[in-house]
$ cat model.csv   # CSV, C-alpha atoms
chain,number,residue,atom,x,y,z
P,240,MET,CA,-30.3,34.2,14.9
P,241,ALA,CA,-27.7,31.5,14.3
P,242,LEU,CA,-25.2,31.5,11.4
P,243,ILE,CA,-22.3,29.4,10.1
P,244,ASP,CA,-19.3,31.1,8.6
P,245,SER,CA,-18.8,28.8,5.7
P,246,HIS,CA,-15.3,30.0,4.8
P,247,CYS,CA,-12.8,31.6,7.3
P,248,HIS,CA,-9.1,31.0,7.8
P,249,LEU,CA,-8.9,30.9,11.6
P,250,ASP,CA,-5.6,29.0,11.3
P,251,LEU,CA,-3.7,32.0,9.9
P,252,ILE,CA,-1.1,34.0,11.8
P,253,GLN,CA,-3.4,37.1,11.9
P,254,PHE,CA,-5.4,35.3,14.6
P,255,ASP,CA,-2.5,33.9,16.6
P,256,GLU,CA,-2.8,36.6,19.3
P,257,ASP,CA,-6.5,36.6,19.9
P,258,ARG,CA,-8.0,33.4,18.3
P,259,ASP,CA,-10.1,32.5,21.4
P,260,ALA,CA,-11.5,36.1,21.6
P,261,VAL,CA,-12.3,36.1,17.9
P,262,ILE,CA,-14.3,32.8,18.3
P,263,GLU,CA,-16.0,34.2,21.4
P,264,ARG,CA,-17.0,37.4,19.6
P,265,ALA,CA,-18.5,35.4,16.8
P,266,ARG,CA,-20.4,33.2,19.3
P,267,GLN,CA,-21.8,36.3,20.9
P,268,ALA,CA,-22.9,37.6,17.5
P,269,GLY,CA,-24.7,34.4,16.7
P,270,VAL,CA,-22.1,32.7,14.6
P,271,ASN,CA,-21.8,29.2,16.1
P,272,ARG,CA,-19.8,27.1,13.6
P,273,PHE,CA,-16.9,27.7,11.2
P,274,ILE,CA,-15.6,26.0,8.1
P,275,ASN,CA,-11.8,26.5,7.9
P,276,PRO,CA,-10.4,25.7,4.4
P,277,ALA,CA,-6.7,25.2,3.7
P,278,THR,CA,-4.5,26.4,0.9
P,279,ASP,CA,-1.6,23.9,1.0
P,280,LEU,CA,-0.3,21.0,3.1
P,281,PRO,CA,0.8,23.0,6.2
P,282,SER,CA,-2.5,24.8,6.4
P,283,SER,CA,-4.3,21.6,5.9
P,284,ARG,CA,-2.6,20.2,8.9
P,285,ARG,CA,-3.3,23.4,10.8
P,286,ALA,CA,-7.0,23.3,9.8
P,287,VAL,CA,-7.3,19.7,11.2
P,288,ALA,CA,-5.5,20.6,14.4
P,289,LEU,CA,-7.8,23.6,14.9
P,290,ALA,CA,-10.8,21.5,14.3
P,291,SER,CA,-9.5,19.1,16.9
P,292,GLN,CA,-9.0,21.9,19.4
P,293,TYR,CA,-12.2,23.8,18.9
P,294,GLU,CA,-15.6,22.0,18.9
P,295,PRO,CA,-17.4,24.5,16.5
P,296,VAL,CA,-14.6,24.5,13.9
P,297,PHE,CA,-14.6,22.1,10.9
P,298,ALA,CA,-11.7,21.7,8.4
P,299,ALA,CA,-11.4,21.6,4.6
P,300,ILE,CA,-8.1,20.4,3.2
P,301,GLY,CA,-6.5,21.0,-0.2
P,302,PHE,CA,-4.2,23.1,-2.4
P,303,HIS,CA,-5.0,26.6,-3.6
P,304,PRO,CA,-4.2,27.1,-7.3
P,305,TYR,CA,-1.2,29.2,-6.3
P,306,ASP,CA,0.4,26.0,-4.9
P,307,ALA,CA,-0.7,23.8,-7.8
P,308,THR,CA,2.8,22.7,-8.6
P,309,LEU,CA,2.9,21.0,-5.2
P,310,VAL,CA,0.1,18.6,-6.0
P,311,ASP,CA,1.5,15.1,-6.7
P,312,ASP,CA,0.9,11.5,-5.7
P,313,ASP,CA,2.6,12.0,-2.3
P,314,THR,CA,0.8,15.2,-1.3
P,315,LEU,CA,-2.6,13.7,-2.4
P,316,ALA,CA,-1.8,10.6,-0.4
P,317,THR,CA,-1.2,12.9,2.6
P,318,LEU,CA,-4.5,14.7,2.0
P,319,THR,CA,-6.2,11.3,1.9
P,320,THR,CA,-4.8,10.4,5.3
P,321,LEU,CA,-5.8,13.8,6.8
P,322,ALA,CA,-9.3,13.3,5.4
P,323,GLN,CA,-9.9,10.4,7.7
P,324,HIS,CA,-10.2,12.9,10.6
P,325,PRO,CA,-14.0,13.0,11.4
P,326,LYS,CA,-14.1,16.8,11.3
P,327,VAL,CA,-12.7,17.1,7.7
P,328,VAL,CA,-15.8,18.1,5.8
P,329,ALA,CA,-14.5,19.1,2.3
P,330,ILE,CA,-11.7,19.4,-0.1
P,331,GLY,CA,-10.7,23.0,-0.6
P,332,GLU,CA,-10.0,25.6,-1.4
P,333,ILE,CA,-9.1,24.4,-4.9
P,334,GLY,CA,-9.6,25.8,-8.4
P,335,LEU,CA,-8.1,28.3,-10.8
P,336,ASP,CA,-6.5,31.7,-10.3
P,337,PHE,CA,-5.2,33.6,-13.3
P,338,TYR,CA,-5.1,37.0,-11.6
P,339,ARG,CA,-1.5,36.6,-10.6
P,340,ASP,CA,1.2,34.5,-12.3
P,341,ARG,CA,1.8,32.3,-9.3
P,342,ALA,CA,1.6,28.9,-11.0
P,343,PRO,CA,1.5,27.7,-14.7
P,344,LYS,CA,-2.0,27.3,-16.0
P,345,THR,CA,-1.3,23.7,-17.0
P,346,ALA,CA,-0.3,22.9,-13.4
P,347,GLN,CA,-3.5,24.6,-12.1
P,348,PHE,CA,-5.7,22.6,-14.4
P,349,ALA,CA,-4.0,19.3,-13.4
P,350,ALA,CA,-4.1,20.1,-9.7
P,351,PHE,CA,-7.8,21.2,-9.9
P,352,GLU,CA,-8.9,18.0,-11.7
P,353,ARG,CA,-6.9,15.7,-9.5
P,354,GLN,CA,-8.4,17.2,-6.4
P,355,LEU,CA,-11.9,16.9,-7.8
P,356,GLN,CA,-11.1,13.2,-8.4
P,357,LEU,CA,-9.9,13.0,-4.8
P,358,ALA,CA,-13.1,14.5,-3.5
P,359,GLN,CA,-15.1,12.0,-5.5
P,360,SER,CA,-13.1,9.1,-4.1
P,361,LEU,CA,-13.5,10.4,-0.5
P,362,GLN,CA,-17.2,11.4,-1.1
P,363,LEU,CA,-16.5,15.0,0.1
P,364,PRO,CA,-17.8,18.2,-1.3
P,365,VAL,CA,-15.4,20.8,-2.7
P,366,ILE,CA,-14.8,24.5,-2.0
P,367,ILE,CA,-13.9,26.3,-5.3
P,368,HIS,CA,-11.7,29.3,-5.7
P,369,GLN,CA,-11.7,31.1,-9.0
P,370,ARG,CA,-10.3,34.5,-10.0
P,371,ASP,CA,-10.1,35.7,-13.5
P,372,ALA,CA,-10.7,32.1,-14.6
P,373,ALA,CA,-14.5,31.8,-14.7
P,374,ALA,CA,-14.9,30.2,-18.1
P,375,ASP,CA,-12.2,27.6,-17.5
P,376,THR,CA,-13.5,26.9,-14.0
P,377,MET,CA,-17.0,26.3,-15.3
P,378,ASP,CA,-15.8,24.1,-18.1
P,379,ILE,CA,-14.0,21.8,-15.7
P,380,LEU,CA,-17.0,21.7,-13.2
P,381,ARG,CA,-19.4,21.1,-16.0
P,382,ALA,CA,-17.4,18.0,-17.1
P,383,TRP,CA,-17.1,16.9,-13.5
P,384,VAL,CA,-20.9,16.9,-13.1
P,385,ALA,CA,-21.4,15.3,-16.4
P,386,GLY,CA,-19.2,12.4,-15.3
P,387,GLY,CA,-21.9,11.5,-12.8
P,388,SER,CA,-19.9,11.4,-9.6
P,389,ALA,CA,-19.8,15.1,-8.5
P,390,THR,CA,-20.0,15.4,-4.7
P,391,GLY,CA,-21.3,18.9,-4.3
P,392,ALA,CA,-19.6,22.3,-4.4
P,393,VAL,CA,-19.6,25.9,-3.3
P,394,LEU,CA,-18.1,28.7,-5.4
P,395,HIS,CA,-16.4,30.5,-2.7
P,396,ALA,CA,-16.3,34.4,-2.7
P,397,PHE,CA,-18.5,34.3,-5.7
P,398,SER,CA,-17.7,37.2,-8.1
P,399,GLY,CA,-19.3,36.1,-11.3
P,400,ASP,CA,-22.4,37.5,-13.1
P,401,VAL,CA,-26.0,36.4,-13.0
P,402,ALA,CA,-25.5,34.0,-16.0
P,403,MET,CA,-22.6,32.2,-14.2
P,404,ALA,CA,-24.6,32.1,-11.0
P,405,GLU,CA,-27.6,30.5,-12.8
P,406,GLU,CA,-25.4,27.9,-14.4
P,407,ALA,CA,-23.8,27.1,-11.1
P,408,VAL,CA,-27.2,26.6,-9.5
P,409,SER,CA,-28.3,24.5,-12.4
P,410,LEU,CA,-25.4,22.2,-11.7
P,411,GLY,CA,-26.5,21.9,-8.1
P,412,PHE,CA,-23.8,24.2,-6.6
P,413,TYR,CA,-23.9,26.8,-3.9
P,414,LEU,CA,-22.6,30.3,-4.0
P,415,GLY,CA,-20.5,31.6,-1.2
P,416,ILE,CA,-21.4,35.3,-0.6
P,417,GLY,CA,-19.1,37.5,1.5
P,418,GLY,CA,-18.1,41.0,2.4
P,419,PRO,CA,-18.0,42.4,-1.1
P,420,LEU,CA,-21.8,42.2,-1.2
P,421,THR,CA,-21.8,45.2,1.2
P,422,PHE,CA,-19.4,47.3,-0.8
P,423,LYS,CA,-20.7,50.4,-2.7
P,424,ASN,CA,-19.1,49.0,-5.8
P,425,ALA,CA,-20.5,45.5,-5.4
P,426,ARG,CA,-21.1,45.2,-9.2
P,427,HIS,CA,-22.9,41.9,-10.0
P,428,LEU,CA,-23.4,40.6,-6.5
P,429,PRO,CA,-26.7,42.2,-5.5
P,430,ASP,CA,-28.2,41.0,-8.7
P,431,VAL,CA,-26.8,37.5,-8.2
P,432,VAL,CA,-28.3,37.4,-4.7
P,433,THR,CA,-31.8,38.4,-5.9
P,434,HIS,CA,-31.7,36.1,-8.9
P,435,VAL,CA,-30.8,32.7,-7.4
P,436,PRO,CA,-32.8,30.7,-4.9
P,437,PRO,CA,-31.9,31.3,-1.3
P,438,LYS,CA,-31.5,27.5,-1.0
P,439,ASN,CA,-28.3,27.9,-3.1
P,440,LEU,CA,-26.7,30.6,-1.0
P,441,LEU,CA,-24.0,30.3,1.7
P,442,VAL,CA,-22.6,33.2,3.8
P,443,GLU,CA,-18.9,33.6,4.5
P,444,THR,CA,-16.3,36.0,5.6
P,445,ASP,CA,-13.0,34.7,4.1
P,446,ALA,CA,-11.5,36.1,7.3
P,447,PRO,CA,-9.0,37.7,7.8
P,448,PHE,CA,-9.7,39.0,4.3
P,449,LEU,CA,-12.6,40.9,2.6
P,450,SER,CA,-14.0,42.6,5.6
P,451,PRO,CA,-17.5,44.0,4.9
P,452,HIS,CA,-18.5,47.7,5.1
P,453,PRO,CA,-17.9,49.6,7.3
P,454,PHE,CA,-14.8,47.6,8.2
P,455,ARG,CA,-13.4,47.4,4.7
P,456,GLY,CA,-9.6,47.3,4.7
P,457,LYS,CA,-9.4,46.0,8.2
P,458,ARG,CA,-8.8,42.5,9.5
P,459,ASN,CA,-12.0,40.5,9.0
P,460,GLU,CA,-13.4,38.1,11.5
P,461,PRO,CA,-16.3,35.6,11.6
P,462,ALA,CA,-18.6,37.8,13.7
P,463,ARG,CA,-18.9,40.1,10.7
P,464,VAL,CA,-20.6,37.4,8.7
P,465,VAL,CA,-23.7,38.8,10.3
P,466,LEU,CA,-23.3,42.1,8.3
P,467,VAL,CA,-23.3,40.0,5.1
P,468,ALA,CA,-26.5,38.2,6.2
P,469,LEU,CA,-28.2,41.5,7.0
P,470,LYS,CA,-27.3,42.9,3.6
P,471,MET,CA,-28.5,39.8,1.9
P,472,ALA,CA,-31.8,39.9,3.8
P,473,GLU,CA,-32.3,43.5,2.9
P,474,LEU,CA,-31.8,42.7,-0.8
P,475,LEU,CA,-34.2,39.8,-0.6
P,476,ALA,CA,-36.7,41.7,1.5
P,477,ILE,CA,-37.0,38.9,4.1
P,478,ASP,CA,-36.5,38.7,7.8
P,479,VAL,CA,-32.8,38.1,8.6
P,480,THR,CA,-33.7,35.4,11.1
P,481,THR,CA,-35.7,33.5,8.5
P,482,LEU,CA,-32.8,33.9,6.1
P,483,ALA,CA,-30.3,32.7,8.7
P,484,ARG,CA,-32.2,29.5,9.1
P,485,GLN,CA,-32.1,28.9,5.4
P,486,LEU,CA,-28.4,29.7,5.2
P,487,THR,CA,-27.6,27.4,8.1
P,488,LYS,CA,-29.7,24.6,6.5
P,489,ASN,CA,-27.8,25.0,3.3
P,490,THR,CA,-24.4,24.9,5.0
P,491,GLU,CA,-25.3,21.8,7.0
P,492,LYS,CA,-26.5,20.1,3.9
P,493,LEU,CA,-23.4,20.7,1.8
P,494,PHE,CA,-20.9,19.8,4.5
P,495,ALA,CA,-23.0,17.1,6.2
P,496,LEU,CA,-22.7,18.8,9.5
$ encode --input "model.csv" --output "structure tokens"
Amino acid sequence: MALIDSHCHLDLIQFDEDRDAVIERARQAGVNRFINPATDLPSSRRAVALASQYEPVFAAIGFHPYDATLVDDDTLATLTTLAQHPKVVAIGEIGLDFYRDRAPKTAQFAAFERQLQLAQSLQLPVIIHQRDAAADTMDILRAWVAGGSATGAVLHAFSGDVAMAEEAVSLGFYLGIGGPLTFKNARHLPDVVTHVPPKNLLVETDAPFLSPHPFRGKRNEPARVVLVALKMAELLAIDVTTLARQLTKNTEKLFAL
């Protein structure tokens, strides 16, 4: 079995003391590639540096909605320069987050739309973050697709209901499924996984966050993406090796790996 962790933050300080060991544990578990998204300019630079250092790591660059006020002509120009690195495979993670009052909504809308435009100009897919902003996120993405130049997207750490999932799939998007699928209070996620085509699913950890059961509350790491795939295979009643092939194909297709 071979898997790709489609969303993990290996650049973060939580991995500074054992990053090599974390990557090796993932390799031994069958996780052989990693997409490392950024949340601001420093993490974008770290993601690119990490991708340069480690052959199986690929970078995504961009501004999380919490840092929306930092998105301007100069920072977008810097992202454009960073995107020239051959291992930059996406713009992200970008989107909307109204859970905490970290940035004005107007700034989040502007930053999201400007980074979608940047992705179009660079012909890169996007990694979408949304929390407590599902309707507004889908409104913006719907308009982006209607404009005719959308470049592909994954709704990272998907937490919506079946209706949202079905619309996302109808727009040609992927759903990133992580550790919460294994939680006893998983809510909509099991229904989502069984209602959308496997060809629209990606598997992720969001490491060091959202560790799956039975490691909930502990530092997450990419090796545990296997636990998410196992739960997904159980829900779909298919062999996990067969599912892993599909998930890998999906990730390769979105990110042009």
$ residues_around --input "model.csv" --residues "stretch 335-348 of chain P" --least-positions-apart "5" --cutoff "8 Å" --atoms "only C-alpha atoms" --output "ChimeraX atom specification"
/P:304-308,368-372,375-376
$ atom_distance --input "model.csv" --atom1 "atom CA of P:Cys247" --atom2 "atom CA of P:Gly399"
20.2 Å
$ closest_residue --input "model.csv" --among "P:Ala425, P:Ile379, P:Ala373, P:Leu475" --to "P:Ala402" --atoms "all atoms listed in the file"
P:Ala373
$ residues_around --input "model.csv" --residues "P:Asp378" --least-positions-apart "5" --cutoff "12 Å" --atoms "all atoms listed in the file" --output "ChimeraX atom specification"
/P:334-335,348,351-352,372-373,383-385,403,406-407,410
$ atom_distance --input "model.csv" --atom1 "atom CA of P:Asp430" --atom2 "atom CA of P:Glu443"
17.8 Å
$ atom_distance --input "model.csv" --atom1 "atom CA of P:Arg266" --atom2 "atom CA of P:His324"
24.3 Å
$ closest_residue --input "model.csv" --among "P:Leu355, P:Asp312, P:Leu466, P:Leu441" --to "P:Arg484" --atoms "all atoms listed in the file"
P:Leu441
$ closest_residue --input "model.csv" --among "P:Ala396, P:Ala265, P:Val431, P:Ile367" --to "P:Phe412" --atoms "all atoms listed in the file"
P:Ile367
$ closest_residue --input "model.csv" --among "P:Asn275, P:Gln362, P:Thr317, P:Thr490" --to "P:Gly331" --atoms "all atoms listed in the file"
P:Asn275
$ closest_residue --input "model.csv" --among "P:Ala288, P:Ala382, P:Leu251, P:Met377" --to "P:Val408" --atoms "only C-alpha atoms"
P:Met377
$ closest_residue --input "model.csv" --among "P:Ala298, P:Val442, P:Leu449, P:Ala374" --to "P:Leu482" --atoms "all atoms listed in the file"
P:Val442
$ residues_around --input "model.csv" --residues "P:Phe273" --least-positions-apart "3" --cutoff "12 Å" --atoms "all atoms listed in the file" --output "PyMOL selection string"
chain P and resi 241-250+261-262+265-266+269-270+276+286+289-290+293-299+326-328+442-446+460-462+464+487+490-491+494+496
$ residues_around --input "model.csv" --residues "P:Leu363" --least-positions-apart "3" --cutoff "7 Å" --atoms "only C-alpha atoms" --output "PyMOL selection string"
chain P and resi 328-330+358-359+390
$ decode --input "model.csv" --residues "stretch 271-299 of chain P" --atoms "N, CA and C atoms" --output "mmCIF file, in the first residue's frame"
data_model
loop_
_atom_site.group_PDB
_atom_site.id
_atom_site.type_symbol
_atom_site.label_atom_id
_atom_site.label_comp_id
_atom_site.auth_asym_id
_atom_site.auth_seq_id
_atom_site.Cartn_x
_atom_site.Cartn_y
_atom_site.Cartn_z
ATOM 1 N N ASN P 271 4.494 7.780 1.024
ATOM 2 C CA ASN P 271 5.743 8.051 0.329
ATOM 3 C C ASN P 271 5.884 9.448 -0.263
ATOM 4 N N ARG P 272 4.821 10.278 -0.165
ATOM 5 C CA ARG P 272 4.916 11.672 -0.606
ATOM 6 C C ARG P 272 4.054 12.548 0.298
ATOM 7 N N PHE P 273 4.391 13.836 0.312
ATOM 8 C CA PHE P 273 3.763 14.755 1.247
ATOM 9 C C PHE P 273 3.544 16.110 0.574
ATOM 10 N N ILE P 274 2.358 16.680 0.748
ATOM 11 C CA ILE P 274 2.091 18.045 0.305
ATOM 12 C C ILE P 274 2.126 18.928 1.549
ATOM 13 N N ASN P 275 3.011 19.936 1.545
ATOM 14 C CA ASN P 275 3.196 20.818 2.703
ATOM 15 C C ASN P 275 2.661 22.206 2.370
ATOM 16 N N PRO P 276 1.435 22.534 2.799
ATOM 17 C CA PRO P 276 0.890 23.866 2.533
ATOM 18 C C PRO P 276 1.434 24.904 3.509
ATOM 19 N N ALA P 277 1.339 26.151 3.079
ATOM 20 C CA ALA P 277 1.773 27.274 3.901
ATOM 21 C C ALA P 277 0.572 28.052 4.416
ATOM 22 N N THR P 278 0.843 28.988 5.330
ATOM 23 C CA THR P 278 -0.210 29.831 5.888
ATOM 24 C C THR P 278 0.134 31.318 5.821
ATOM 25 N N ASP P 279 1.364 31.642 5.466
ATOM 26 C CA ASP P 279 1.799 33.033 5.356
ATOM 27 C C ASP P 279 3.102 33.047 4.555
ATOM 28 N N LEU P 280 3.758 34.206 4.486
ATOM 29 C CA LEU P 280 4.977 34.282 3.684
ATOM 30 C C LEU P 280 6.140 33.499 4.295
ATOM 31 N N PRO P 281 6.412 33.624 5.615
ATOM 32 C CA PRO P 281 7.505 32.818 6.176
ATOM 33 C C PRO P 281 7.292 31.309 5.998
ATOM 34 N N SER P 282 6.059 30.843 6.207
ATOM 35 C CA SER P 282 5.827 29.402 6.043
ATOM 36 C C SER P 282 5.864 29.003 4.570
ATOM 37 N N SER P 283 5.531 29.917 3.672
ATOM 38 C CA SER P 283 5.673 29.625 2.247
ATOM 39 C C SER P 283 7.140 29.405 1.900
ATOM 40 N N ARG P 284 7.986 30.250 2.448
ATOM 41 C CA ARG P 284 9.427 30.086 2.205
ATOM 42 C C ARG P 284 9.926 28.785 2.833
ATOM 43 N N ARG P 285 9.442 28.474 4.048
ATOM 44 C CA ARG P 285 9.855 27.222 4.692
ATOM 45 C C ARG P 285 9.394 26.009 3.895
ATOM 46 N N ALA P 286 8.176 26.075 3.374
ATOM 47 C CA ALA P 286 7.649 24.950 2.602
ATOM 48 C C ALA P 286 8.501 24.689 1.363
ATOM 49 N N VAL P 287 8.901 25.761 0.692
ATOM 50 C CA VAL P 287 9.750 25.611 -0.496
ATOM 51 C C VAL P 287 11.125 25.069 -0.108
ATOM 52 N N ALA P 288 11.664 25.576 0.999
ATOM 53 C CA ALA P 288 12.968 25.080 1.455
ATOM 54 C C ALA P 288 12.904 23.596 1.813
ATOM 55 N N LEU P 289 11.808 23.206 2.464
ATOM 56 C CA LEU P 289 11.642 21.802 2.847
ATOM 57 C C LEU P 289 11.520 20.917 1.603
ATOM 58 N N ALA P 290 10.787 21.385 0.614
ATOM 59 C CA ALA P 290 10.640 20.625 -0.625
ATOM 60 C C ALA P 290 11.979 20.489 -1.351
ATOM 61 N N SER P 291 12.817 21.503 -1.206
ATOM 62 C CA SER P 291 14.152 21.427 -1.813
ATOM 63 C C SER P 291 15.034 20.423 -1.084
ATOM 64 N N GLN P 292 14.837 20.308 0.229
ATOM 65 C CA GLN P 292 15.683 19.435 1.047
ATOM 66 C C GLN P 292 15.266 17.973 0.979
ATOM 67 N N TYR P 293 13.946 17.722 0.906
ATOM 68 C CA TYR P 293 13.431 16.351 0.965
ATOM 69 C C TYR P 293 12.744 15.984 -0.353
ATOM 70 N N GLU P 294 13.244 14.973 -0.996
ATOM 71 C CA GLU P 294 12.717 14.576 -2.316
ATOM 72 C C GLU P 294 11.219 14.282 -2.304
ATOM 73 N N PRO P 295 10.645 13.622 -1.273
ATOM 74 C CA PRO P 295 9.217 13.288 -1.332
ATOM 75 C C PRO P 295 8.278 14.416 -0.900
ATOM 76 N N VAL P 296 8.828 15.589 -0.541
ATOM 77 C CA VAL P 296 7.990 16.695 -0.060
ATOM 78 C C VAL P 296 7.748 17.696 -1.180
ATOM 79 N N PHE P 297 6.487 18.121 -1.309
ATOM 80 C CA PHE P 297 6.097 19.151 -2.274
ATOM 81 C C PHE P 297 5.449 20.306 -1.513
ATOM 82 N N ALA P 298 5.530 21.502 -2.071
ATOM 83 C CA ALA P 298 5.090 22.706 -1.360
ATOM 84 C C ALA P 298 3.847 23.320 -1.987
ATOM 85 N N ALA P 299 3.014 23.897 -1.110
ATOM 86 C CA ALA P 299 1.962 24.823 -1.529
ATOM 87 C C ALA P 299 2.229 26.138 -0.817
#
